[in-house]
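> Shown below is the structure under consideration.
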Amino acid sequence: MTGASARLSVNGPRLIADLETLAQIGRGPGGGLDRTSFSAADSEARAWLLRRCAEAGLRVHTDGIGNFVMSPDYDAETAGRPAVWSGSHIDTVPNGGDFDGSLGVLAALECLRRIQEERPTLDRPVRAIMFTDEEGNYAHLFGSSALARGFSRAELEALTGRDGDRFVDTFSAAGGDLDAAANTKLNPAMLHATVELHIEQGPFLEQLGHDIGVVTGIVALGGGVVSFLGRADHAGTTPMDRRQNALTAAGALLVALPEVAANVSANAVVTSGIVTVEPGSANVVPGAARVTVDFREAETHLVSALEAGIVAAAQDIALRYGVQAEFDFETTIPPVLLDNGIQTVIAAAATARGLSHSALPSGAGHDSQNMAQLAPTGMIFVPSIDGRSHCPEEKTAWSDVENGANVLLDTLLNLARD
Ligand code: GLV
Ligand code: MN
Ligand code: MN
């Protein structure tokens, strides 16, 4: 398999048709995709993906947390060797876009189909992966976190989704086995390398006019819930100076968050995307208010400073408003640098296909930041039109989809050979 004439390429129209078909599953009233992990739409998308694999003659192993590992049917000879993995996720944020995650799963599937069709001789197996709940309805990068660190049964039992449902109930209703979920953890010796293709979700490649992003690293991802606990009282009879209004305190925190981020670094970001109020009645002074915080920063030592800054600001505000502040933070997923050798392979693959490329970091979280703890890992970005993502307007040109998938295929084949 040397020389341009022998080079494998993806079947672009087939990949595009798959992306268009998957984008039909879970279309919500806001115009975007609502495919929260383990929802009916997510289950339908998983069933569709299994059918696509069966049609292509691929095998699928579903692990305890619901990650899919897809393989060709002809590589028994190398199957026991450390494998080259590629994948992403098909769950979405509420009212999300058609490309976030789906591109990485369907491009990896397409690469595997081409490998299955052409049966190249490889020194190690190639696998396509679909990770469970990347968007973190239950836990940040849930499926890959399970592979990297595992979750105890007690940890799983404590997880709730954004609708307030308990993970264990939803998972069991979807046919999951809790013991298997708690036993899910990957032996890093099974892996040689991992590569994920993803849309950039930001504006830089488009601004530069470049085709391919060679990702250098991924920022740390932290988050959790800050609860303010005050006192519920009558909205008409409680004088303003006798209130312990939890929502007023929460509002003060939201206003303070940009300064908290700016005090840590110019790149630090903090977002509050969900606010819940109890008891939630127009004529009751809010007794409790809970706000989610999602915070990201590239430098390891600044991530904890960011978390500490949020806590200090909330405590200060709680004191000022006469309420209590409580914190429930997830374990922060550390920042990672991606593998230099794989970056070189990706850049060379882009150049060989006449594609311009530039190195850039990822501000978004990805399963690759967990996989990088297990094996050398790389990521390929393709441009996002107007830099939009996590919204229905999210779009990538079909030519960029095909280019990215071809660079992925070249990279996987390179890594699968000695
Ligand atoms: C995943 O999309 C994330 O960055 O939250
Ligand atoms: Mn996302
Ligand atoms: Mn994603």
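By convention here, the chains of the structure tokens are called A, B, ... in the order presented, each chain's residues are numbered starting at 1, and ligands are numbered starting at 1 in the order presented.
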Could you write out, as a PyMOL selection string, all the residues of region 114-286 of chain A that DSSP marks as strand (DSSP E or B)?
chain A and resi 126-131+160+166+191-199+212-218+220-229+233-234+269-271+275-278+284-285
> Neighbours of ligand 1 at 12 Å or closer, counting only C-alpha atoms and all ligand atoms: which residues, as a ChimeraX atom specification?
/A:88-94,96-97,99-102,133-137,139-142,198-202,218-223,269-271,273,293-297,333,362-369,389-391
> Could those selected residues go to a file with N, CA and C atoms, as a compact mmCIF listing (two decimals), in the first residue's frame?

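Heads up, here's the output in out_24.txt:
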# COMPACT_ATOMS: atom_id res chain seq x y z
N SER A 88 -16.03 9.05 18.98
CA SER A 88 -16.54 10.26 19.61
C SER A 88 -17.92 9.89 20.18
N HIS A 89 -18.90 10.76 20.09
CA HIS A 89 -20.18 10.51 20.76
C HIS A 89 -21.36 10.86 19.87
N ILE A 90 -22.52 10.25 20.13
CA ILE A 90 -23.72 10.63 19.36
C ILE A 90 -24.79 11.24 20.25
N ASP A 91 -24.52 11.38 21.56
CA ASP A 91 -25.46 12.13 22.39
C ASP A 91 -25.24 13.62 22.10
N THR A 92 -26.25 14.42 22.38
CA THR A 92 -26.13 15.87 22.12
C THR A 92 -26.53 16.66 23.36
N VAL A 93 -26.15 17.94 23.36
CA VAL A 93 -26.70 18.87 24.35
C VAL A 93 -28.16 19.14 23.95
N PRO A 94 -28.98 19.70 24.85
CA PRO A 94 -30.34 20.04 24.44
C PRO A 94 -30.31 21.06 23.30
N GLY A 96 -29.09 20.76 20.35
CA GLY A 96 -27.71 20.79 19.85
C GLY A 96 -27.63 20.67 18.33
N GLY A 97 -26.39 20.57 17.85
CA GLY A 97 -26.15 20.57 16.41
C GLY A 97 -25.96 19.17 15.83
N PHE A 99 -23.36 17.97 14.08
CA PHE A 99 -22.00 17.51 13.79
C PHE A 99 -21.18 17.18 15.04
N ASP A 100 -21.46 17.84 16.17
CA ASP A 100 -20.68 17.65 17.39
C ASP A 100 -20.76 16.18 17.80
N GLY A 101 -19.65 15.47 17.74
CA GLY A 101 -19.61 14.07 18.13
C GLY A 101 -20.00 13.13 17.00
N SER A 102 -21.15 13.41 16.35
CA SER A 102 -21.62 12.51 15.28
C SER A 102 -20.57 12.38 14.19
N ASP A 133 -22.64 9.30 26.71
CA ASP A 133 -22.86 10.54 27.48
C ASP A 133 -21.65 11.45 27.55
N GLU A 134 -21.07 11.76 26.39
CA GLU A 134 -19.95 12.70 26.37
C GLU A 134 -20.40 14.06 26.89
N GLU A 135 -21.66 14.42 26.58
CA GLU A 135 -22.11 15.77 26.94
C GLU A 135 -22.40 15.90 28.43
N GLY A 136 -22.20 14.84 29.17
CA GLY A 136 -22.17 14.97 30.62
C GLY A 136 -23.52 15.23 31.26
N ASN A 137 -24.58 14.58 30.73
CA ASN A 137 -25.86 14.71 31.44
C ASN A 137 -25.72 14.14 32.85
N ALA A 139 -22.38 12.74 34.07
CA ALA A 139 -21.02 13.07 34.54
C ALA A 139 -20.24 13.50 33.31
N HIS A 140 -19.34 14.45 33.50
CA HIS A 140 -18.52 14.93 32.39
C HIS A 140 -17.88 13.78 31.64
N LEU A 141 -18.02 13.74 30.33
CA LEU A 141 -17.32 12.74 29.51
C LEU A 141 -17.50 11.35 30.13
N PHE A 142 -18.75 11.00 30.37
CA PHE A 142 -19.07 9.88 31.26
C PHE A 142 -18.47 8.55 30.79
N HIS A 198 -13.15 15.76 15.05
CA HIS A 198 -14.23 16.56 15.64
C HIS A 198 -14.31 17.88 14.89
N ILE A 199 -15.48 18.48 14.90
CA ILE A 199 -15.57 19.85 14.41
C ILE A 199 -14.86 20.77 15.41
N GLU A 200 -14.33 21.88 14.91
CA GLU A 200 -13.56 22.77 15.80
C GLU A 200 -14.45 23.38 16.88
N GLN A 201 -15.67 23.74 16.54
CA GLN A 201 -16.62 24.39 17.45
C GLN A 201 -16.21 25.82 17.80
N GLY A 202 -15.25 26.37 17.08
CA GLY A 202 -14.80 27.73 17.30
C GLY A 202 -14.43 28.33 15.96
N ILE A 218 -5.98 19.97 25.21
CA ILE A 218 -7.39 20.21 25.57
C ILE A 218 -7.42 20.80 26.97
N VAL A 219 -8.22 21.85 27.14
CA VAL A 219 -8.28 22.52 28.45
C VAL A 219 -8.88 21.61 29.51
N ALA A 220 -8.61 21.95 30.77
CA ALA A 220 -9.23 21.23 31.89
C ALA A 220 -10.71 21.56 31.93
N LEU A 221 -11.48 20.61 32.43
CA LEU A 221 -12.94 20.77 32.47
C LEU A 221 -13.40 20.48 33.90
N GLY A 222 -13.92 21.52 34.54
CA GLY A 222 -14.44 21.34 35.90
C GLY A 222 -15.87 21.81 35.97
N GLY A 223 -16.56 21.43 37.02
CA GLY A 223 -17.94 21.91 37.13
C GLY A 223 -18.66 21.29 38.29
N VAL A 269 -12.58 30.41 31.47
CA VAL A 269 -14.00 30.67 31.21
C VAL A 269 -14.85 29.98 32.27
N VAL A 270 -15.94 30.64 32.66
CA VAL A 270 -16.90 30.06 33.61
C VAL A 270 -18.29 30.31 33.03
N THR A 271 -19.13 29.28 33.08
CA THR A 271 -20.48 29.39 32.53
C THR A 271 -21.47 28.81 33.51
N GLY A 273 -25.21 27.47 33.21
CA GLY A 273 -26.22 27.20 32.19
C GLY A 273 -27.55 26.73 32.74
N VAL A 293 -22.11 25.43 37.57
CA VAL A 293 -20.93 26.15 37.07
C VAL A 293 -20.10 25.17 36.24
N ASP A 294 -19.69 25.63 35.07
CA ASP A 294 -18.82 24.87 34.18
C ASP A 294 -17.61 25.76 34.01
N PHE A 295 -16.41 25.27 34.37
CA PHE A 295 -15.24 26.14 34.26
C PHE A 295 -14.09 25.42 33.57
N ARG A 296 -13.35 26.20 32.77
CA ARG A 296 -12.30 25.61 31.93
C ARG A 296 -11.08 26.53 31.90
N GLU A 297 -9.94 25.91 31.83
CA GLU A 297 -8.68 26.66 31.83
C GLU A 297 -7.59 25.69 31.39
N ILE A 333 -11.56 17.23 35.32
CA ILE A 333 -10.80 16.46 34.33
C ILE A 333 -9.61 17.32 33.92
N SER A 362 -7.77 22.94 21.98
CA SER A 362 -9.23 22.80 22.06
C SER A 362 -9.75 23.43 23.35
N GLY A 363 -10.68 24.36 23.19
CA GLY A 363 -11.35 24.93 24.36
C GLY A 363 -12.52 24.07 24.80
N ALA A 364 -13.00 23.20 23.92
CA ALA A 364 -14.11 22.30 24.27
C ALA A 364 -13.54 21.03 24.90
N GLY A 365 -14.35 20.37 25.69
CA GLY A 365 -13.96 19.08 26.27
C GLY A 365 -14.22 17.96 25.28
N HIS A 366 -13.42 16.91 25.35
CA HIS A 366 -13.58 15.77 24.46
C HIS A 366 -13.20 14.49 25.19
N ASP A 367 -13.77 13.36 24.74
CA ASP A 367 -13.38 12.08 25.33
C ASP A 367 -11.88 11.84 25.19
N SER A 368 -11.27 12.48 24.21
CA SER A 368 -9.82 12.30 24.02
C SER A 368 -9.02 12.72 25.24
N GLN A 369 -9.57 13.63 26.06
CA GLN A 369 -8.76 14.02 27.22
C GLN A 369 -8.72 12.91 28.26
N SER A 389 -21.43 26.32 17.56
CA SER A 389 -21.60 24.94 18.02
C SER A 389 -22.47 24.92 19.27
N HIS A 390 -22.96 23.74 19.63
CA HIS A 390 -23.91 23.57 20.74
C HIS A 390 -25.17 24.41 20.46
N CYS A 391 -25.57 24.46 19.21
CA CYS A 391 -26.77 25.19 18.80
C CYS A 391 -27.20 24.61 17.45
> Show which residues sit within 7 Å of region 351-357 of chain A, as an MDAnalysis selection string. Count only C-alpha atoms, and ignore same-chain residues fewer than 5 positions away.
chainID A and resid 210:214
> Leu186 (chain A): which residues within 9 Å, counting only C-alpha atoms, same-chain residues fewer than 6 positions away excluded, as a tab-separated table (two decimals) with all heavy atoms, in the first residue's frame?

chain	number	residue	atom	x	y	z
A	146	ALA	N	-15.40	6.53	32.57
A	146	ALA	CA	-15.51	5.17	33.11
A	146	ALA	C	-14.32	4.33	32.65
A	146	ALA	O	-13.72	3.59	33.43
A	146	ALA	CB	-16.82	4.53	32.66
A	147	LEU	N	-13.94	4.48	31.38
A	147	LEU	CA	-12.79	3.71	30.87
A	147	LEU	C	-11.51	4.12	31.57
A	147	LEU	O	-10.65	3.29	31.88
A	147	LEU	CB	-12.64	3.92	29.36
A	147	LEU	CG	-13.79	3.41	28.50
A	147	LEU	CD1	-13.52	3.70	27.04
A	147	LEU	CD2	-14.00	1.91	28.70
A	148	ALA	N	-11.36	5.43	31.82
A	148	ALA	CA	-10.09	5.93	32.35
A	148	ALA	C	-9.95	5.71	33.86
A	148	ALA	O	-8.87	5.40	34.34
A	148	ALA	CB	-9.94	7.41	32.02
A	149	ARG	N	-11.06	5.90	34.60
A	149	ARG	CA	-10.90	5.83	36.05
A	149	ARG	C	-11.89	4.89	36.74
A	149	ARG	O	-11.69	4.49	37.88
A	149	ARG	CB	-11.02	7.23	36.67
A	149	ARG	CG	-12.42	7.83	36.69
A	149	ARG	CD	-12.43	9.11	37.52
A	149	ARG	NE	-13.74	9.69	37.70
A	149	ARG	CZ	-14.59	9.37	38.66
A	149	ARG	NH1	-14.28	8.40	39.52
A	149	ARG	NH2	-15.75	9.98	38.77
A	150	GLY	N	-12.98	4.54	36.05
A	150	GLY	CA	-14.00	3.67	36.63
A	150	GLY	C	-14.87	4.44	37.61
A	150	GLY	O	-14.46	5.46	38.14
A	374	LEU	N	-4.71	7.13	28.89
A	374	LEU	CA	-4.53	5.68	28.70
A	374	LEU	C	-3.54	5.34	27.59
A	374	LEU	O	-2.93	4.27	27.61
A	374	LEU	CB	-5.89	5.04	28.36
A	374	LEU	CG	-7.00	5.21	29.40
A	374	LEU	CD1	-8.31	4.68	28.87
A	374	LEU	CD2	-6.63	4.51	30.70
> Using only C-alpha atoms, which protein or nucleic acid residues come within 7 Å of region 395-398 of chain A? Drop anything in the same chain fewer than 5 positions from it, and give the result as a short mmCIF file (atom, residue, chain, number, x, y, z; two decimals) with N, CA and C atoms, in the first residue's frame.

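Final output, saved to selection.cif:
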data_model
loop_
_atom_site.label_atom_id
_atom_site.label_comp_id
_atom_site.auth_asym_id
_atom_site.auth_seq_id
_atom_site.Cartn_x
_atom_site.Cartn_y
_atom_site.Cartn_z
N PHE A 99 -23.36 17.97 14.08
CA PHE A 99 -22.00 17.51 13.79
C PHE A 99 -21.18 17.18 15.04
N PRO A 383 -13.15 22.80 10.11
CA PRO A 383 -13.73 24.11 10.43
C PRO A 383 -15.23 24.06 10.73
N SER A 384 -15.63 24.93 11.64
CA SER A 384 -17.05 25.14 11.95
C SER A 384 -17.47 26.45 11.32
N ILE A 385 -18.55 26.43 10.55
CA ILE A 385 -18.99 27.66 9.87
C ILE A 385 -19.43 28.68 10.93
#
> Hey, which of A:Ala405, A:Val105, A:Leu306, A:Ala17 ends up closest to ligand 3? Count only C-alpha atoms and all ligand atoms.
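Between A:Ala405, A:Val105, A:Leu306, A:Ala17, the residue approaching ligand 3 most closely is A:Val105.
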> May I have the residues within 9 Å of Thr160 (chain A) as an NGL selection string, using only C-alpha atoms and disregarding those fewer than 5 positions away in the same chain?
:A and (137-139 or 165-168)
> Excluding region 114-128 of chain A and residues on its chain fewer than 6 positions from it, collect all residues at most 7 Å away from it, counting only C-alpha atoms, and give them as a list in words.
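After dropping sequence-adjacent residues, the list is Val10, Val69, Met70, Ser71, Pro72, Asp75, Thr78, Ala79, Arg81, Pro82, Ala83, Val84, Trp85, Ser86, Gly87, Ala108, Ala416, Arg417 and Asp418 of chain A.
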> Take the selection from the previous step and output its residues with all heavy atoms, as a compact mmCIF listing (two decimals), in the first residue's frame.

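Written out: out.txt:
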# COMPACT_ATOMS: atom_id res chain seq x y z
N VAL A 10 -12.02 7.54 2.03
CA VAL A 10 -13.37 7.23 2.51
C VAL A 10 -14.36 7.38 1.36
O VAL A 10 -14.07 8.02 0.35
CB VAL A 10 -13.78 8.16 3.68
CG1 VAL A 10 -12.83 8.00 4.86
CG2 VAL A 10 -13.87 9.62 3.25
N VAL A 69 -17.79 -0.61 20.93
CA VAL A 69 -16.47 -0.82 20.31
C VAL A 69 -16.72 -1.64 19.05
O VAL A 69 -17.17 -2.79 19.12
CB VAL A 69 -15.52 -1.58 21.26
CG1 VAL A 69 -14.14 -1.73 20.61
CG2 VAL A 69 -15.40 -0.85 22.60
N MET A 70 -16.47 -1.04 17.88
CA MET A 70 -16.80 -1.68 16.60
C MET A 70 -15.52 -2.20 15.94
O MET A 70 -14.51 -1.50 15.94
CB MET A 70 -17.44 -0.63 15.67
CG MET A 70 -18.68 0.02 16.26
SD MET A 70 -19.14 1.59 15.45
CE MET A 70 -19.02 2.73 16.81
N SER A 71 -15.59 -3.42 15.39
CA SER A 71 -14.41 -4.01 14.75
C SER A 71 -14.76 -4.64 13.42
O SER A 71 -15.89 -5.08 13.21
CB SER A 71 -13.82 -5.15 15.59
OG SER A 71 -14.44 -5.32 16.79
N PRO A 72 -13.76 -4.74 12.53
CA PRO A 72 -13.96 -5.50 11.30
C PRO A 72 -14.02 -6.99 11.62
O PRO A 72 -13.69 -7.37 12.75
CB PRO A 72 -12.73 -5.17 10.44
CG PRO A 72 -11.76 -4.49 11.33
CD PRO A 72 -12.42 -4.17 12.63
N ASP A 75 -9.87 -9.50 11.25
CA ASP A 75 -8.54 -9.23 11.80
C ASP A 75 -8.21 -10.08 13.03
O ASP A 75 -7.49 -9.63 13.92
CB ASP A 75 -8.37 -7.74 12.10
CG ASP A 75 -9.31 -7.23 13.20
OD1 ASP A 75 -10.15 -8.02 13.67
OD2 ASP A 75 -9.20 -6.06 13.57
N THR A 78 -4.56 -10.22 14.44
CA THR A 78 -3.97 -9.13 15.23
C THR A 78 -4.86 -8.69 16.39
O THR A 78 -4.49 -7.81 17.16
CB THR A 78 -3.72 -7.89 14.34
OG1 THR A 78 -4.98 -7.50 13.78
CG2 THR A 78 -2.70 -8.16 13.25
N ALA A 79 -6.05 -9.30 16.51
CA ALA A 79 -7.08 -8.77 17.42
C ALA A 79 -6.61 -8.66 18.87
O ALA A 79 -7.09 -7.80 19.61
CB ALA A 79 -8.34 -9.62 17.33
N ARG A 81 -3.70 -7.71 19.89
CA ARG A 81 -2.63 -6.71 20.07
C ARG A 81 -3.23 -5.36 20.47
O ARG A 81 -4.40 -5.09 20.21
CB ARG A 81 -1.84 -6.55 18.77
CG ARG A 81 -1.17 -7.82 18.37
CD ARG A 81 -0.17 -7.59 17.25
NE ARG A 81 0.21 -8.88 16.69
CZ ARG A 81 0.56 -9.09 15.44
NH1 ARG A 81 0.61 -8.08 14.60
NH2 ARG A 81 0.88 -10.28 15.03
N PRO A 82 -2.40 -4.49 21.07
CA PRO A 82 -2.91 -3.15 21.41
C PRO A 82 -3.48 -2.48 20.17
O PRO A 82 -2.85 -2.49 19.11
CB PRO A 82 -1.66 -2.42 21.92
CG PRO A 82 -0.74 -3.51 22.39
CD PRO A 82 -0.99 -4.68 21.49
N ALA A 83 -4.66 -1.92 20.31
CA ALA A 83 -5.41 -1.45 19.15
C ALA A 83 -5.31 0.06 18.96
O ALA A 83 -4.96 0.81 19.88
CB ALA A 83 -6.88 -1.83 19.32
N VAL A 84 -5.65 0.49 17.75
CA VAL A 84 -5.78 1.92 17.44
C VAL A 84 -7.27 2.23 17.47
O VAL A 84 -8.04 1.64 16.71
CB VAL A 84 -5.18 2.23 16.05
CG1 VAL A 84 -5.34 3.71 15.74
CG2 VAL A 84 -3.71 1.81 16.01
N TRP A 85 -7.67 3.13 18.36
CA TRP A 85 -9.09 3.45 18.52
C TRP A 85 -9.39 4.82 17.93
O TRP A 85 -8.57 5.74 18.03
CB TRP A 85 -9.45 3.52 20.01
CG TRP A 85 -9.73 2.22 20.67
CD1 TRP A 85 -9.27 0.99 20.31
CD2 TRP A 85 -10.52 2.03 21.85
NE1 TRP A 85 -9.73 0.04 21.19
CE2 TRP A 85 -10.50 0.65 22.15
CE3 TRP A 85 -11.23 2.88 22.70
CZ2 TRP A 85 -11.18 0.10 23.25
CZ3 TRP A 85 -11.90 2.35 23.79
CH2 TRP A 85 -11.88 0.98 24.05
N SER A 86 -10.60 4.94 17.39
CA SER A 86 -11.06 6.25 16.95
C SER A 86 -12.55 6.37 17.20
O SER A 86 -13.31 5.47 16.87
CB SER A 86 -10.80 6.46 15.46
OG SER A 86 -11.25 7.74 15.09
N GLY A 87 -12.97 7.48 17.79
CA GLY A 87 -14.40 7.64 17.98
C GLY A 87 -14.74 8.92 18.70
O GLY A 87 -13.87 9.74 19.00
N ALA A 108 -15.26 7.55 11.92
CA ALA A 108 -14.53 6.35 12.36
C ALA A 108 -15.21 5.10 11.80
O ALA A 108 -14.54 4.15 11.35
CB ALA A 108 -14.48 6.30 13.89
N ALA A 416 -1.62 2.02 12.60
CA ALA A 416 -1.86 0.57 12.69
C ALA A 416 -0.75 -0.25 12.03
O ALA A 416 -0.79 -1.48 12.04
CB ALA A 416 -3.20 0.24 12.03
N ARG A 417 0.24 0.46 11.47
CA ARG A 417 1.37 -0.26 10.84
C ARG A 417 2.64 0.03 11.59
O ARG A 417 2.83 1.13 12.12
CB ARG A 417 1.53 0.20 9.39
CG ARG A 417 0.36 -0.22 8.51
CD ARG A 417 0.63 0.11 7.05
NE ARG A 417 -0.37 -0.49 6.20
CZ ARG A 417 -1.18 0.19 5.38
NH1 ARG A 417 -1.10 1.50 5.31
NH2 ARG A 417 -2.07 -0.45 4.64
N ASP A 418 3.52 -0.94 11.65
CA ASP A 418 4.81 -0.74 12.34
C ASP A 418 5.68 0.26 11.58
O ASP A 418 5.60 0.37 10.38
CB ASP A 418 5.55 -2.07 12.47
CG ASP A 418 4.90 -2.92 13.55
OD1 ASP A 418 4.30 -2.35 14.47
OD2 ASP A 418 4.99 -4.16 13.44
> Between CA of Arg290 (chain A) and CA of Val225 (chain A), measure the distance and give it in Å to one decimal.
6.4 Å
> Let's see if you can do this: from backbone DSSP, list all alpha helix (DSSP H) residues in region 73-283 of chain A, as JSON, numbers by chain.
{"A": [102, 103, 104, 105, 106, 107, 108, 109, 110, 111, 112, 113, 114, 115, 116, 117, 118, 142, 143, 144, 145, 146, 147, 148, 149, 153, 154, 155, 156, 157, 158, 167, 168, 169, 170, 171, 172, 173, 178, 179, 180, 181, 182, 204, 205, 206, 207, 208, 246, 247, 248, 249, 250, 251, 252, 253, 254, 255, 256, 257, 258, 259, 260, 261, 262, 263, 264]}
> Would you compute the distance between CA of Leu106 (chain A) and CA of Arg52 (chain A)? Give it in Å to one decimal.
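Separating CA of Leu106 (chain A) from CA of Arg52 (chain A) is a distance of 9.9 Å.
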